[in-house]
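entry15.csv follows (CSV, C-alpha atoms):
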```csv
chain,number,residue,atom,x,y,z
J,1,MET,CA,15.2,10.9,20.0
J,2,SER,CA,17.1,9.9,17.0
J,3,SER,CA,16.5,6.6,15.4
J,4,VAL,CA,19.1,4.4,13.7
J,5,ASN,CA,18.2,2.5,10.6
J,6,LYS,CA,19.0,-1.1,10.8
J,7,VAL,CA,21.2,-2.2,7.8
J,8,THR,CA,21.5,-5.8,6.9
J,9,PRO,CA,25.1,-6.9,6.8
J,10,ARG,CA,26.5,-7.4,3.3
J,11,TRP,CA,27.7,-10.9,4.2
J,12,TYR,CA,24.3,-11.9,5.3
J,13,GLU,CA,22.7,-10.7,2.1
J,14,LYS,CA,25.0,-13.1,0.2
J,15,ILE,CA,25.0,-16.1,2.5
J,16,GLY,CA,21.6,-15.8,4.3
J,17,PRO,CA,19.4,-16.7,1.3
J,18,TRP,CA,21.7,-19.6,0.3
J,19,VAL,CA,21.6,-21.0,3.9
J,20,LEU,CA,17.8,-20.7,4.0
J,21,LYS,CA,17.4,-22.4,0.7
J,22,ASN,CA,19.7,-25.3,1.5
J,23,ARG,CA,18.9,-25.6,5.2
J,24,TYR,CA,17.7,-29.3,4.9
J,25,ILE,CA,20.9,-30.3,3.1
J,26,ILE,CA,23.0,-28.5,5.7
J,27,CYS,CA,21.1,-30.1,8.5
J,28,ALA,CA,21.5,-33.6,7.0
J,29,PHE,CA,25.2,-33.0,6.4
J,30,VAL,CA,25.7,-31.8,10.0
J,31,ILE,CA,23.8,-34.9,11.4
J,32,PHE,CA,26.0,-37.1,9.2
J,33,ALA,CA,29.1,-35.3,10.5
J,34,ILE,CA,28.0,-35.8,14.1
J,35,ALA,CA,27.5,-39.5,13.5
J,36,ILE,CA,31.0,-39.8,12.0
J,37,LEU,CA,32.4,-37.9,15.0
J,38,GLY,CA,30.6,-40.3,17.4
J,39,CYS,CA,32.0,-43.3,15.6
J,40,TYR,CA,35.5,-41.7,15.7
J,41,VAL,CA,35.6,-40.9,19.4
J,42,TYR,CA,34.0,-44.3,20.3
J,43,PHE,CA,36.2,-46.6,18.1
J,44,SER,CA,39.4,-44.6,17.6
J,45,CYS,CA,39.6,-42.5,20.8
J,46,LYS,CA,38.1,-45.4,22.9
J,47,TRP,CA,35.5,-43.2,24.6
J,48,ILE,CA,32.9,-45.0,26.6
J,49,ALA,CA,29.5,-45.3,25.1
J,50,LYS,CA,27.9,-43.0,27.7
J,51,ASP,CA,30.3,-40.1,27.0
J,52,THR,CA,30.0,-40.6,23.2
J,53,PHE,CA,26.2,-40.6,23.5
J,54,GLN,CA,26.2,-37.4,25.6
J,55,ILE,CA,28.4,-35.4,23.2
J,56,CYS,CA,26.4,-36.6,20.2
J,57,THR,CA,23.2,-35.7,21.9
J,58,SER,CA,24.4,-32.2,22.8
J,59,LEU,CA,25.5,-31.6,19.3
J,60,LEU,CA,22.2,-32.9,17.9
J,61,LEU,CA,20.3,-30.6,20.3
J,62,THR,CA,22.4,-27.7,19.1
J,63,ILE,CA,21.7,-28.4,15.5
J,64,THR,CA,18.0,-28.9,16.3
J,65,LEU,CA,17.9,-25.4,17.8
J,66,PHE,CA,19.8,-24.0,14.9
J,67,PHE,CA,17.4,-25.7,12.4
J,68,THR,CA,14.4,-24.3,14.3
J,69,ALA,CA,15.9,-20.8,14.1
J,70,LEU,CA,16.4,-21.2,10.4
J,71,ASN,CA,12.8,-22.4,9.9
J,72,TYR,CA,11.6,-19.4,11.8
J,73,GLU,CA,13.7,-17.0,9.8
J,74,PHE,CA,12.5,-18.6,6.6
J,75,SER,CA,8.8,-18.4,7.7
J,76,ALA,CA,9.3,-14.7,8.7
J,77,SER,CA,11.0,-13.9,5.4
J,78,LYS,CA,8.3,-15.6,3.4
J,79,THR,CA,5.6,-13.8,5.3
J,80,ILE,CA,7.2,-10.5,4.6
J,81,ASN,CA,7.7,-11.3,0.9
J,82,ASP,CA,4.1,-12.6,0.7
J,83,TYR,CA,2.8,-9.4,2.3
J,84,LYS,CA,4.8,-7.2,-0.1
J,85,THR,CA,3.6,-9.2,-3.1
J,86,ALA,CA,0.0,-8.9,-2.0
J,87,LYS,CA,0.4,-5.2,-1.4
J,88,ASP,CA,2.0,-4.7,-4.8
J,89,ILE,CA,-0.8,-6.6,-6.6
J,90,LEU,CA,-3.5,-4.7,-4.7
J,91,THR,CA,-1.7,-1.4,-5.5
J,92,PHE,CA,-1.5,-2.2,-9.2
J,93,ASN,CA,-5.1,-3.5,-9.4
J,94,THR,CA,-6.4,-0.5,-7.6
J,95,ALA,CA,-4.6,1.9,-10.0
J,96,ASN,CA,-5.7,-0.1,-13.0
J,97,GLU,CA,-9.3,0.3,-12.0
J,98,TRP,CA,-9.1,3.9,-13.1
J,99,HIS,CA,-8.9,2.7,-16.7
J,100,LYS,CA,-11.6,0.1,-16.5
J,101,ALA,CA,-15.4,0.1,-16.2
J,102,PRO,CA,-17.2,1.5,-14.4
J,103,LEU,CA,-14.7,4.3,-13.5
J,104,ARG,CA,-13.9,4.8,-17.2
J,105,ASP,CA,-17.6,5.4,-17.8
J,106,TYR,CA,-17.9,7.6,-14.8
J,107,GLN,CA,-15.2,9.8,-16.2
J,108,LYS,CA,-16.8,10.1,-19.6
J,109,THR,CA,-20.2,10.9,-18.1
J,110,SER,CA,-18.9,13.4,-15.6
J,111,ILE,CA,-16.9,15.3,-18.3
J,112,ASP,CA,-20.0,15.5,-20.5
J,113,PHE,CA,-22.1,16.9,-17.7
J,114,GLU,CA,-19.3,19.2,-16.6
J,115,ASN,CA,-19.1,20.7,-20.1
J,116,ARG,CA,-22.9,21.3,-20.0
J,117,PHE,CA,-22.6,23.1,-16.7
J,118,MET,CA,-19.7,25.2,-17.8
J,119,ALA,CA,-21.8,26.5,-20.7
J,120,MET,CA,-24.4,27.9,-18.2
J,121,ALA,CA,-24.5,31.5,-17.1
J,122,GLU,CA,-24.6,30.8,-13.4
J,123,ARG,CA,-21.7,28.7,-12.2
J,124,SER,CA,-21.7,29.2,-8.5
J,125,VAL,CA,-21.3,26.4,-6.0
J,126,GLU,CA,-25.0,26.6,-5.2
J,127,ALA,CA,-25.9,26.4,-8.9
J,128,PHE,CA,-23.6,23.4,-9.2
J,129,ASP,CA,-25.1,21.7,-6.3
J,130,LYS,CA,-28.6,22.2,-7.8
J,131,TYR,CA,-27.3,20.8,-11.1
J,132,PHE,CA,-25.6,17.9,-9.3
J,133,GLU,CA,-28.7,16.9,-7.4
J,134,GLY,CA,-30.9,17.3,-10.5
J,135,GLU,CA,-28.9,15.0,-12.8
J,136,GLN,CA,-29.0,11.5,-11.5
J,137,GLU,CA,-26.5,10.1,-13.9
J,138,PHE,CA,-24.0,12.8,-13.2
J,139,ARG,CA,-24.5,12.5,-9.5
J,140,ALA,CA,-23.8,8.7,-9.6
J,141,SER,CA,-20.7,9.2,-11.7
J,142,LEU,CA,-19.2,11.9,-9.7
J,143,LYS,CA,-19.9,10.1,-6.4
J,144,GLY,CA,-18.4,6.9,-7.9
J,145,ILE,CA,-15.2,8.8,-8.7
J,146,PHE,CA,-14.9,10.4,-5.3
J,147,ASN,CA,-15.8,7.2,-3.5
J,148,PHE,CA,-13.0,5.4,-5.5
J,149,PHE,CA,-10.5,8.2,-4.5
J,150,GLU,CA,-11.7,7.8,-0.9
J,151,SER,CA,-11.3,4.1,-0.7
J,152,THR,CA,-7.9,4.3,-2.4
J,153,SER,CA,-6.8,6.9,0.1
J,154,VAL,CA,-8.0,4.8,3.0
J,155,GLY,CA,-5.9,1.9,1.6
J,156,VAL,CA,-2.8,4.2,1.5
J,157,HIS,CA,-3.4,5.5,5.0
J,158,LYS,CA,-3.7,2.0,6.4
J,159,GLY,CA,-0.6,0.8,4.6
J,160,LEU,CA,-2.4,-1.7,2.4
J,161,ILE,CA,-1.6,0.2,-0.8
J,162,ASP,CA,1.9,1.4,-1.8
J,163,LYS,CA,1.9,5.2,-1.2
J,164,GLN,CA,4.7,6.1,-3.6
J,165,PHE,CA,3.2,4.1,-6.5
J,166,ILE,CA,-0.2,5.7,-5.9
J,167,PHE,CA,1.4,9.1,-5.7
J,168,GLU,CA,3.1,8.6,-9.1
J,169,PHE,CA,-0.1,7.4,-10.6
J,170,PHE,CA,-2.7,9.6,-9.0
J,171,SER,CA,-1.1,12.8,-7.6
J,172,TYR,CA,-1.9,14.9,-10.7
J,173,ILE,CA,-5.4,13.4,-11.0
J,174,PHE,CA,-6.1,14.0,-7.3
J,175,GLU,CA,-4.9,17.6,-7.6
J,176,ILE,CA,-7.2,18.3,-10.6
J,177,TYR,CA,-10.3,16.9,-8.8
J,178,TYR,CA,-9.3,18.6,-5.6
J,179,VAL,CA,-9.0,22.0,-7.2
J,180,ASP,CA,-12.1,21.7,-9.4
J,181,TYR,CA,-14.3,20.4,-6.6
J,182,TYR,CA,-12.9,21.9,-3.5
J,183,TYR,CA,-15.7,24.4,-2.8
J,184,PHE,CA,-18.3,21.9,-3.8
J,185,ILE,CA,-16.9,19.3,-1.4
J,186,GLN,CA,-16.9,21.9,1.4
J,187,TYR,CA,-20.5,22.9,0.5
J,188,TYR,CA,-21.6,19.3,0.3
J,189,ARG,CA,-20.2,18.6,3.7
J,190,ARG,CA,-22.0,21.5,5.3
J,191,LYS,CA,-25.2,20.6,3.6
J,192,ARG,CA,-25.0,17.0,4.8
J,193,ASN,CA,-23.6,18.1,8.2
J,194,ARG,CA,-20.7,15.7,7.8
J,195,ASP,CA,-17.2,17.0,7.8
J,196,THR,CA,-15.8,13.5,7.1
J,197,ILE,CA,-17.3,13.1,3.6
J,198,TRP,CA,-14.3,12.2,1.3
J,199,ILE,CA,-12.0,13.3,4.1
J,200,ASN,CA,-9.3,10.7,3.3
J,201,PHE,CA,-9.2,11.9,-0.3
J,202,THR,CA,-8.8,15.5,0.6
J,203,ASN,CA,-6.3,14.7,3.4
J,204,LEU,CA,-4.1,12.7,1.1
J,205,ALA,CA,-4.2,15.4,-1.6
J,206,GLU,CA,-3.2,18.0,1.0
J,207,GLU,CA,-0.4,15.7,2.2
J,208,TRP,CA,0.9,15.4,-1.3
J,209,TRP,CA,0.5,19.1,-2.0
J,210,PRO,CA,1.0,20.9,1.3
J,211,ASN,CA,0.0,24.3,0.0
J,212,LEU,CA,-2.9,23.1,-2.1
J,213,GLN,CA,-5.7,24.2,0.2
J,214,SER,CA,-4.4,27.7,0.7
J,215,GLU,CA,-3.7,28.1,-3.0
J,216,VAL,CA,-7.3,27.2,-3.8
J,217,GLU,CA,-8.7,29.5,-1.1
J,218,VAL,CA,-6.6,32.5,-2.2
J,219,GLY,CA,-7.3,31.9,-5.9
J,220,VAL,CA,-3.8,30.9,-7.0
J,221,LYS,CA,-5.4,27.7,-8.3
J,222,LYS,CA,-8.9,28.0,-9.5
J,223,SER,CA,-11.6,25.5,-10.4
J,224,THR,CA,-12.3,25.2,-14.2
J,225,ILE,CA,-15.9,24.2,-13.4
J,226,ILE,CA,-17.2,26.2,-10.5
J,227,SER,CA,-16.6,30.0,-10.4
```

Representation of the structure as structure tokens:
Amino acid sequence: MSSVNKVTPRWYEKIGPWVLKNRYIICAFVIFAIAILGCYVYFSCKWIAKDTFQICTSLLLTITLFFTALNYEFSASKTINDYKTAKDILTFNTANEWHKAPLRDYQKTSIDFENRFMAMAERSVEAFDKYFEGEQEFRASLKGIFNFFESTSVGVHKGLIDKQFIFEFFSYIFEIYYVDYYYFIQYYRRKRNRDTIWINFTNLAEEWWPNLQSEVEVGVKKSTIIS
């Protein structure tokens, strides 16, 4: 089934915001015009008071409904704008956390311990896990990074964080960590008997890079840390 994108008419884009902004003035003007009309038909056209009252009441009811619709449209538009603003702020603040403590410190610590591990003779995933479990500071830093990636990915999947912005900011970073730690993440999941550990992070990375998992598994892209 094909879907048709709804396009806002060009005339509404120009007139709509102006009407919403000046709706109280418009309403007051229309009420004044109805009062003038009532006076005109009563005094000049010699309508009886009952008929004059009925037509004015009908017009006032119409303008009341119109004004209610305008208020609803304004409230809906404001809610959408407020949601978008909140989403943009959350997205920016989330991305900005990467350059602030404690994540900045986590990165420095993990790089230091990664370099130490890379200087070792044995660099298998089992050796890395033993090294990871034995170095408390490294373990806390690496977990902190992956937990941040995971919470960010959850926000993206739930629509709370702008996906395109996060992609532009984190896609390369996600790819590096995914490739470098793919086999460790798989090993860690099996060891803990939990396939969902950092699952949103890996799912998002694989969504951004559809061939990433297969490229790692066949050796097209290789970890710079674990061999």

With 10 Å as the cut-off and all atoms listed in the file counted, what is the closest atom pair between each nearby residue of stretch 146-200 of chain J and stretch 119-133 of chain J? Distances in Å to one decimal, ordered by chain and number, as a Markdown table.
```
| residue | atom | partner | partner_atom | distance |
| --- | --- | --- | --- | --- |
| J:Tyr181 | CA | J:Val125 | CA | 9.2 |
| J:Tyr182 | CA | J:Val125 | CA | 9.9 |
| J:Tyr183 | CA | J:Val125 | CA | 6.8 |
| J:Phe184 | CA | J:Val125 | CA | 5.8 |
| J:Ile185 | CA | J:Val125 | CA | 9.5 |
| J:Gln186 | CA | J:Val125 | CA | 9.7 |
| J:Tyr187 | CA | J:Val125 | CA | 7.4 |
| J:Tyr188 | CA | J:Asp129 | CA | 7.8 |
| J:Lys191 | CA | J:Asp129 | CA | 10.0 |
```

For the atom pair atom CA of J:Thr52 and atom CA of J:Gly38, what is the interatomic distance in Å to one decimal place?
-> 5.8 Å

J:Ile176 environment, 12 Å, only C-alpha atoms, sequence neighbours closer than 2 positions dropped, as number ranges by chain = J: 170-174, 178-182, 202, 205, 209, 212, 216, 221-225

Can you tell me, as a PyMOL selection string, what residues are no more than 12 Å from J:Glu135 when counting all atoms listed in the file, ignoring any on the same chain fewer than 3 positions away?
-> chain J and resi 109-110+112-114+116-117+128-132+138-142

Near J:Phe92, within 9 Å and counting only C-alpha atoms, which residues show up once chain neighbours fewer than 2 positions away are dropped, as a PyMOL selection string?
-> chain J and resi 87-90+94-97+161-162+165-166

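By all atoms listed in the file, and with residues fewer than 3 positions from J:Phe201 along its chain excluded, the set lying at most 6 Å from it is J:Phe149, J:Glu150, J:Ser153, J:Trp198, J:Leu204.
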
Provide the atom CA of J:Gln54 to atom CA of J:Ala69 distance in Å, to one decimal place.
->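 That distance, rounded to one decimal, is 22.7 Å.
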
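With distances taken over all atoms listed in the file, J:Ile145 is the one residue among J:Leu20, J:Ile145, J:Leu61, J:Val156 lying closest to J:Gln107.
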
Stretch 55-70 of chain J, all listed atoms, 8 Å padding on each side: what axis-aligned box centre and edge lengths in Å to one decimal come out, as lines of an AutoDock Vina configuration file?
```
center_x = 21.4
center_y = -28.7
center_z = 16.8
size_x = 30.0
size_y = 31.8
size_z = 28.8
```

Quick one: pull the distance between atom CA of J:Ser75 and atom CA of J:Pro17, Å, one decimal.
->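 Going from atom CA of J:Ser75 over to atom CA of J:Pro17 covers 12.5 Å.
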
Closest of J:Asn193, J:Asn203, J:Thr91, J:Thr57 to J:Ile34 - atom-to-atom distances counting only C-alpha atoms |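 Looking at the shortest contact to J:Ile34, the residue is J:Thr57.
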